[in-house]
Structure formats: structure tokens, C-alpha cells
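Report on one structure; see the data block that follows.
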Amino acid sequence: MKLLIDENECIACGQCKSVCIRDNIEIDEVAYETGSNCFECGHCMAICPTCAITLKIFKGREGRIEDYNSKEIPVNYDELLSFLKQRRSIRWFKKKKIDKDTFNKLIEGAYYSPSAQNEQDVEFVVLDKKLNDFMKHVYDIIKVQEDEFFRIKEFGDYIRDNSTKKYHPLLWQGHQLILTFSTDKTSAVIANTRLELLAYSLGLGGFYSLFILKADEIDHDRLMEFFPSIDKNKHMYSAFIIGYPKKRFKRTIPHKDININYM
């Protein structure tokens, strides 16, 4: 059993049963579990009007529980859309680096991110001091595609001699990199997207690198040699270069129309 149900607080209203997608809760005089089918999504805990339900795995984390009014959305549509419109990839950064306290603020967005089957297995790596070592490791893996992608060849030339190069071919002026690992690609991408949006709210910026991700696609096992503490069943699904923007943009630009099909 995975739930703690306070029988003195439970009023048998049935709200918990109504939101349980695993049919793991029944109501008699009080709510009770029917088996071990719970996958700890927390819906029952979040909807109970008397706070009678607690997930055992979250015992001791009561400080993370916050009440809110679901009828009062903290940001309206126009405000959020305006925020999304201003998002642009940032490749020119100041030399100032992001500190750990700020990174921890960004991770808060990922903390509340949804994940496939509620696995909650998304893991982050912030590369700073070991960034150059990691990039050399990446090049050693992706150099097999130098003839196919000129950017990878530029990357190799930069590693061999950067004295004539104005920018790093993959990092540009970036000094710090966030990698996201998970067993599920969608979970990783959603988590990093939330982190990215929080970053923009704090005056930060960044861009995604598909070439760094090629290291996982080409030779996952070799890539993971750099991360011995991370479960090798997890893949690197997001590489986000982040920092304090040196350049600020002033307006939106048109995008291609998005096709939408109602069927």
C-alpha cells in the first residue's frame, strides 16, 4: 500500500476515487486502497478537501505542499503569450557565470514537471569547469560525421587550433551547459523547456545544440563514460547552452504558418 489515509480527517466524499486513473481507491465509511496499483501520481492527495491523504514516499516533505486557488490562474493568456513571443535563441553571452543558487531556482521548474508513467527520472548535469573536457569527448564521438556536417569539421578545427576562430562552433560564447537525461525523451524535453522558460524570467538566455546530442545518437555507451554516476539506461535528450545575454532583441519576427488539422 502506498497511501497514508487519516481516517479521522477523511469525510468519504469520493473526490480521491474520482481522480484515480488506476482505480486504486474505494469508499466505504472512509477511503481505502484496493491494492498495489498506485503509481504515486498524487492526484488523490492534491484534491482531498481535508488533506486526509498522503503518499508514503512524500512523508517528511510536507514543506513542499502548497494550497492554491485553481480558479485563479497566476498569469493570464496575453501575458504568457507575450512572454513566449519574446523568446529567442541567445548565442552571445557576457563573461559572468550563473551561480548554483540561480541554477537551483531553474531546477524548481523541472521539479514540478510531468513525466511518463510518473517515473520522475529526469536528471540534469551542469557543465562548467569540465565543459572543455566534455566537448573534446563529444568531438571524439561525432567526428565520424565530419564529412557530412561542416559544423562538426569546424568544431574539430577549433579544438586543434582556436587561435584564428572568433567563436566556438558549437558553444559560441557560452561558458555553461545544461544536459538533461531521462529514460523517456518527452519527459526530458518538457523538463528542460520549463527550466528554459524560468531562465528567461530571470534575465538569462540560451540555445539548444543538436550537434552535442549527436554524441548520444552515435555512441551512447561511449558518451556515458563521461557520466559514471548516471544510469546508462538514461539518454541525453537535451543540451542547452545558457548564460547572461550580451545582446537583447527588440521585436518579434514572422514565422512560417503552423498547419493544424481538425479531424
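Simple scheme: letters A, B, ... for chains in C-alpha cells order, numbers from 1 for residues in each chain, numbers from 1 for ligands in the order shown.
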Could you go through segment 7-144 of chain A and tell me which residues DSSP, when run on the backbone, assigns to alpha helix (DSSP H), listing them as number ranges by chain? A: 15-19, 43-47, 77-85, 100-111, 131-142
Can I get the selection written as a CSV table (one decimal), in the first residue's frame, with N, CA and C atoms?
chain,number,residue,atom,x,y,z
A,15,GLN,N,-13.9,12.3,-3.7
A,15,GLN,CA,-13.1,13.0,-4.7
A,15,GLN,C,-11.8,12.3,-5.1
A,16,CYS,N,-11.2,11.6,-4.1
A,16,CYS,CA,-9.9,10.9,-4.5
A,16,CYS,C,-10.2,9.7,-5.4
A,17,LYS,N,-11.3,9.0,-5.2
A,17,LYS,CA,-11.7,7.9,-6.1
A,17,LYS,C,-12.0,8.4,-7.5
A,18,SER,N,-12.6,9.6,-7.6
A,18,SER,CA,-13.0,10.1,-8.9
A,18,SER,C,-11.8,10.5,-9.8
A,19,VAL,N,-10.6,10.8,-9.2
A,19,VAL,CA,-9.5,11.2,-10.0
A,19,VAL,C,-8.4,10.1,-10.1
A,43,HIS,N,-2.7,12.6,-7.4
A,43,HIS,CA,-4.0,13.3,-7.7
A,43,HIS,C,-4.9,13.3,-6.5
A,44,CYS,N,-4.9,12.1,-5.8
A,44,CYS,CA,-5.8,12.0,-4.6
A,44,CYS,C,-5.4,12.9,-3.5
A,45,MET,N,-4.1,13.0,-3.4
A,45,MET,CA,-3.5,13.9,-2.3
A,45,MET,C,-3.8,15.4,-2.7
A,46,ALA,N,-3.8,15.7,-4.0
A,46,ALA,CA,-3.9,17.1,-4.4
A,46,ALA,C,-5.4,17.6,-4.4
A,47,ILE,N,-6.3,16.6,-4.4
A,47,ILE,CA,-7.7,17.0,-4.5
A,47,ILE,C,-8.5,16.9,-3.2
A,77,TYR,N,-3.6,34.7,-20.3
A,77,TYR,CA,-3.2,34.3,-21.6
A,77,TYR,C,-2.3,35.3,-22.3
A,78,ASP,N,-2.7,36.6,-22.4
A,78,ASP,CA,-2.0,37.6,-23.1
A,78,ASP,C,-0.6,37.8,-22.5
A,79,GLU,N,-0.5,37.7,-21.2
A,79,GLU,CA,0.8,37.9,-20.6
A,79,GLU,C,1.8,36.7,-20.9
A,80,LEU,N,1.2,35.5,-20.9
A,80,LEU,CA,2.1,34.4,-21.2
A,80,LEU,C,2.4,34.3,-22.6
A,81,LEU,N,1.5,34.7,-23.5
A,81,LEU,CA,1.8,34.7,-25.0
A,81,LEU,C,2.8,35.7,-25.3
A,82,SER,N,2.7,36.9,-24.6
A,82,SER,CA,3.7,37.9,-24.8
A,82,SER,C,5.1,37.5,-24.4
A,83,PHE,N,5.2,36.8,-23.3
A,83,PHE,CA,6.4,36.2,-22.8
A,83,PHE,C,7.0,35.2,-23.8
A,84,LEU,N,6.2,34.3,-24.4
A,84,LEU,CA,6.6,33.3,-25.3
A,84,LEU,C,7.1,34.0,-26.6
A,85,LYS,N,6.5,35.1,-27.0
A,85,LYS,CA,6.8,35.8,-28.2
A,85,LYS,C,8.3,36.3,-28.1
A,100,LYS,N,25.3,28.7,-8.4
A,100,LYS,CA,24.5,27.5,-8.1
A,100,LYS,C,23.1,27.8,-7.6
A,101,ASP,N,23.0,28.9,-6.8
A,101,ASP,CA,21.7,29.3,-6.3
A,101,ASP,C,20.7,29.6,-7.4
A,102,THR,N,21.2,30.2,-8.5
A,102,THR,CA,20.3,30.5,-9.6
A,102,THR,C,20.0,29.2,-10.4
A,103,PHE,N,21.0,28.3,-10.5
A,103,PHE,CA,20.7,27.1,-11.2
A,103,PHE,C,19.6,26.3,-10.4
A,104,ASN,N,19.7,26.3,-9.1
A,104,ASN,CA,18.7,25.7,-8.2
A,104,ASN,C,17.3,26.3,-8.4
A,105,LYS,N,17.2,27.6,-8.7
A,105,LYS,CA,15.9,28.2,-9.0
A,105,LYS,C,15.4,27.7,-10.3
A,106,LEU,N,16.2,27.5,-11.2
A,106,LEU,CA,15.8,26.9,-12.5
A,106,LEU,C,15.2,25.5,-12.4
A,107,ILE,N,15.9,24.7,-11.6
A,107,ILE,CA,15.5,23.3,-11.4
A,107,ILE,C,14.1,23.2,-10.8
A,108,GLU,N,13.7,24.2,-10.1
A,108,GLU,CA,12.4,24.2,-9.5
A,108,GLU,C,11.3,24.0,-10.5
A,109,GLY,N,11.5,24.5,-11.7
A,109,GLY,CA,10.5,24.3,-12.8
A,109,GLY,C,10.5,22.9,-13.2
A,110,ALA,N,11.6,22.2,-13.3
A,110,ALA,CA,11.7,20.8,-13.6
A,110,ALA,C,11.2,19.9,-12.5
A,111,TYR,N,11.3,20.4,-11.3
A,111,TYR,CA,10.9,19.6,-10.1
A,111,TYR,C,9.4,19.3,-10.2
A,131,LEU,N,33.6,21.6,-18.8
A,131,LEU,CA,32.9,21.8,-20.1
A,131,LEU,C,33.9,21.5,-21.2
A,132,ASN,N,35.1,22.0,-21.2
A,132,ASN,CA,36.0,21.8,-22.3
A,132,ASN,C,36.4,20.3,-22.4
A,133,ASP,N,36.5,19.6,-21.3
A,133,ASP,CA,36.8,18.2,-21.4
A,133,ASP,C,35.6,17.4,-22.0
A,134,PHE,N,34.4,17.9,-21.6
A,134,PHE,CA,33.3,17.2,-22.2
A,134,PHE,C,33.2,17.4,-23.7
A,135,MET,N,33.4,18.7,-24.1
A,135,MET,CA,33.3,19.0,-25.5
A,135,MET,C,34.3,18.2,-26.4
A,136,LYS,N,35.5,18.0,-25.8
A,136,LYS,CA,36.5,17.1,-26.5
A,136,LYS,C,36.0,15.7,-26.6
A,137,HIS,N,35.3,15.2,-25.5
A,137,HIS,CA,34.8,13.9,-25.5
A,137,HIS,C,33.7,13.8,-26.6
A,138,VAL,N,32.9,14.8,-26.7
A,138,VAL,CA,31.8,14.9,-27.7
A,138,VAL,C,32.4,14.8,-29.1
A,139,TYR,N,33.5,15.6,-29.3
A,139,TYR,CA,34.1,15.6,-30.7
A,139,TYR,C,34.6,14.2,-31.0
A,140,ASP,N,35.3,13.6,-30.1
A,140,ASP,CA,35.8,12.3,-30.4
A,140,ASP,C,34.8,11.3,-30.8
A,141,ILE,N,33.5,11.5,-30.4
A,141,ILE,CA,32.4,10.6,-30.8
A,141,ILE,C,31.8,11.1,-32.2
A,142,ILE,N,31.5,12.4,-32.3
A,142,ILE,CA,30.8,12.8,-33.5
A,142,ILE,C,31.7,13.1,-34.7
Fewer than 6 positions away in the same chain doesn't count, so skip those; otherwise give me all residues within 12 Å of Gln117 of chain A, counting only C-alpha atoms, as number ranges by chain. A: 21-22, 38-41, 183-184, 186-187
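Shell of Leu177 of chain A at 9 Å, with only C-alpha atoms counted and residues fewer than 5 places along the chain excluded, is Val125, Val126, Leu127, Asp128, Leu131, Leu171, Ala239, Phe240, Ile241, Ile242 and Gly243 of chain A.
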Let me see the file: selected residues, N, CA and C atoms, as a short mmCIF file (atom, residue, chain, number, x, y, z; two decimals), in the first residue's frame.
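Listing of out_9.cif after writing:
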data_model
loop_
_atom_site.label_atom_id
_atom_site.label_comp_id
_atom_site.auth_asym_id
_atom_site.auth_seq_id
_atom_site.Cartn_x
_atom_site.Cartn_y
_atom_site.Cartn_z
N VAL A 125 22.75 17.63 -15.62
CA VAL A 125 24.17 17.86 -15.38
C VAL A 125 24.47 19.28 -15.82
N VAL A 126 25.06 20.06 -14.92
CA VAL A 126 25.51 21.41 -15.26
C VAL A 126 27.02 21.34 -15.48
N LEU A 127 27.43 21.61 -16.70
CA LEU A 127 28.85 21.57 -17.03
C LEU A 127 29.44 22.97 -17.01
N ASP A 128 30.50 23.13 -16.25
CA ASP A 128 31.18 24.41 -16.12
C ASP A 128 32.68 24.17 -16.19
N LEU A 131 33.58 21.62 -18.79
CA LEU A 131 32.93 21.81 -20.08
C LEU A 131 33.88 21.51 -21.24
N LEU A 171 29.43 26.14 -29.10
CA LEU A 171 29.02 26.86 -27.89
C LEU A 171 28.90 28.36 -28.13
N ALA A 239 20.53 19.39 -24.76
CA ALA A 239 21.78 20.09 -24.46
C ALA A 239 21.51 21.58 -24.64
N PHE A 240 21.53 22.32 -23.54
CA PHE A 240 21.12 23.72 -23.56
C PHE A 240 22.27 24.60 -23.05
N ILE A 241 22.82 25.40 -23.94
CA ILE A 241 23.86 26.35 -23.56
C ILE A 241 23.17 27.56 -22.95
N ILE A 242 23.63 28.01 -21.78
CA ILE A 242 22.90 29.03 -21.03
C ILE A 242 23.85 30.08 -20.47
N GLY A 243 23.36 31.30 -20.33
CA GLY A 243 24.18 32.36 -19.75
C GLY A 243 23.44 33.67 -19.70
#
Long-range neighbours of Tyr200 of chain A as a ChimeraX atom specification, 10 Å cut-off, only C-alpha atoms, 3 positions minimum in chain: /A:83-84,86-88,106,195-197,203-206,244-245
Taking N, CA and C atoms for each residue, export the selection above as a PDB file, in the first residue's frame.
ATOM      1  N   PHE A  83       5.157  36.750 -23.314  1.00  0.00           N
ATOM      2  CA  PHE A  83       6.425  36.203 -22.815  1.00  0.00           C
ATOM      3  C   PHE A  83       7.011  35.208 -23.818  1.00  0.00           C
ATOM      4  N   LEU A  84       6.170  34.332 -24.362  1.00  0.00           N
ATOM      5  CA  LEU A  84       6.634  33.333 -25.323  1.00  0.00           C
ATOM      6  C   LEU A  84       7.111  33.980 -26.621  1.00  0.00           C
ATOM      7  N   GLN A  86       8.648  36.714 -26.941  1.00  0.00           N
ATOM      8  CA  GLN A  86       9.950  37.363 -26.771  1.00  0.00           C
ATOM      9  C   GLN A  86      11.109  36.379 -26.687  1.00  0.00           C
ATOM     10  N   ARG A  87      10.788  35.096 -26.607  1.00  0.00           N
ATOM     11  CA  ARG A  87      11.850  34.092 -26.507  1.00  0.00           C
ATOM     12  C   ARG A  87      12.599  33.982 -27.831  1.00  0.00           C
ATOM     13  N   ARG A  88      13.940  34.130 -27.769  1.00  0.00           N
ATOM     14  CA  ARG A  88      14.787  33.918 -28.930  1.00  0.00           C
ATOM     15  C   ARG A  88      16.019  33.143 -28.491  1.00  0.00           C
ATOM     16  N   LEU A 106      16.212  27.453 -11.241  1.00  0.00           N
ATOM     17  CA  LEU A 106      15.758  26.922 -12.538  1.00  0.00           C
ATOM     18  C   LEU A 106      15.247  25.498 -12.396  1.00  0.00           C
ATOM     19  N   LEU A 195      12.525  24.612 -17.460  1.00  0.00           N
ATOM     20  CA  LEU A 195      13.730  25.240 -16.929  1.00  0.00           C
ATOM     21  C   LEU A 195      14.116  26.447 -17.785  1.00  0.00           C
ATOM     22  N   GLU A 196      14.041  26.281 -19.109  1.00  0.00           N
ATOM     23  CA  GLU A 196      14.414  27.361 -20.017  1.00  0.00           C
ATOM     24  C   GLU A 196      13.521  28.583 -19.831  1.00  0.00           C
ATOM     25  N   LEU A 197      12.217  28.371 -19.703  1.00  0.00           N
ATOM     26  CA  LEU A 197      11.302  29.499 -19.535  1.00  0.00           C
ATOM     27  C   LEU A 197      11.573  30.237 -18.235  1.00  0.00           C
ATOM     28  N   GLY A 203      16.121  36.744 -16.631  1.00  0.00           N
ATOM     29  CA  GLY A 203      17.029  37.550 -17.437  1.00  0.00           C
ATOM     30  C   GLY A 203      18.142  36.756 -18.089  1.00  0.00           C
ATOM     31  N   LEU A 204      18.028  35.427 -18.086  1.00  0.00           N
ATOM     32  CA  LEU A 204      19.023  34.576 -18.725  1.00  0.00           C
ATOM     33  C   LEU A 204      18.573  34.224 -20.143  1.00  0.00           C
ATOM     34  N   GLY A 205      19.420  33.533 -20.871  1.00  0.00           N
ATOM     35  CA  GLY A 205      19.065  33.111 -22.220  1.00  0.00           C
ATOM     36  C   GLY A 205      19.915  31.931 -22.634  1.00  0.00           C
ATOM     37  N   GLY A 206      19.633  31.395 -23.803  1.00  0.00           N
ATOM     38  CA  GLY A 206      20.419  30.253 -24.257  1.00  0.00           C
ATOM     39  C   GLY A 206      19.917  29.690 -25.564  1.00  0.00           C
ATOM     40  N   TYR A 244      24.183  34.736 -19.385  1.00  0.00           N
ATOM     41  CA  TYR A 244      23.624  36.083 -19.349  1.00  0.00           C
ATOM     42  C   TYR A 244      23.778  36.707 -20.732  1.00  0.00           C
ATOM     43  N   PRO A 245      22.691  37.094 -21.385  1.00  0.00           N
ATOM     44  CA  PRO A 245      22.766  37.604 -22.759  1.00  0.00           C
ATOM     45  C   PRO A 245      23.563  38.897 -22.875  1.00  0.00           C
TER      46      PRO A 245
END
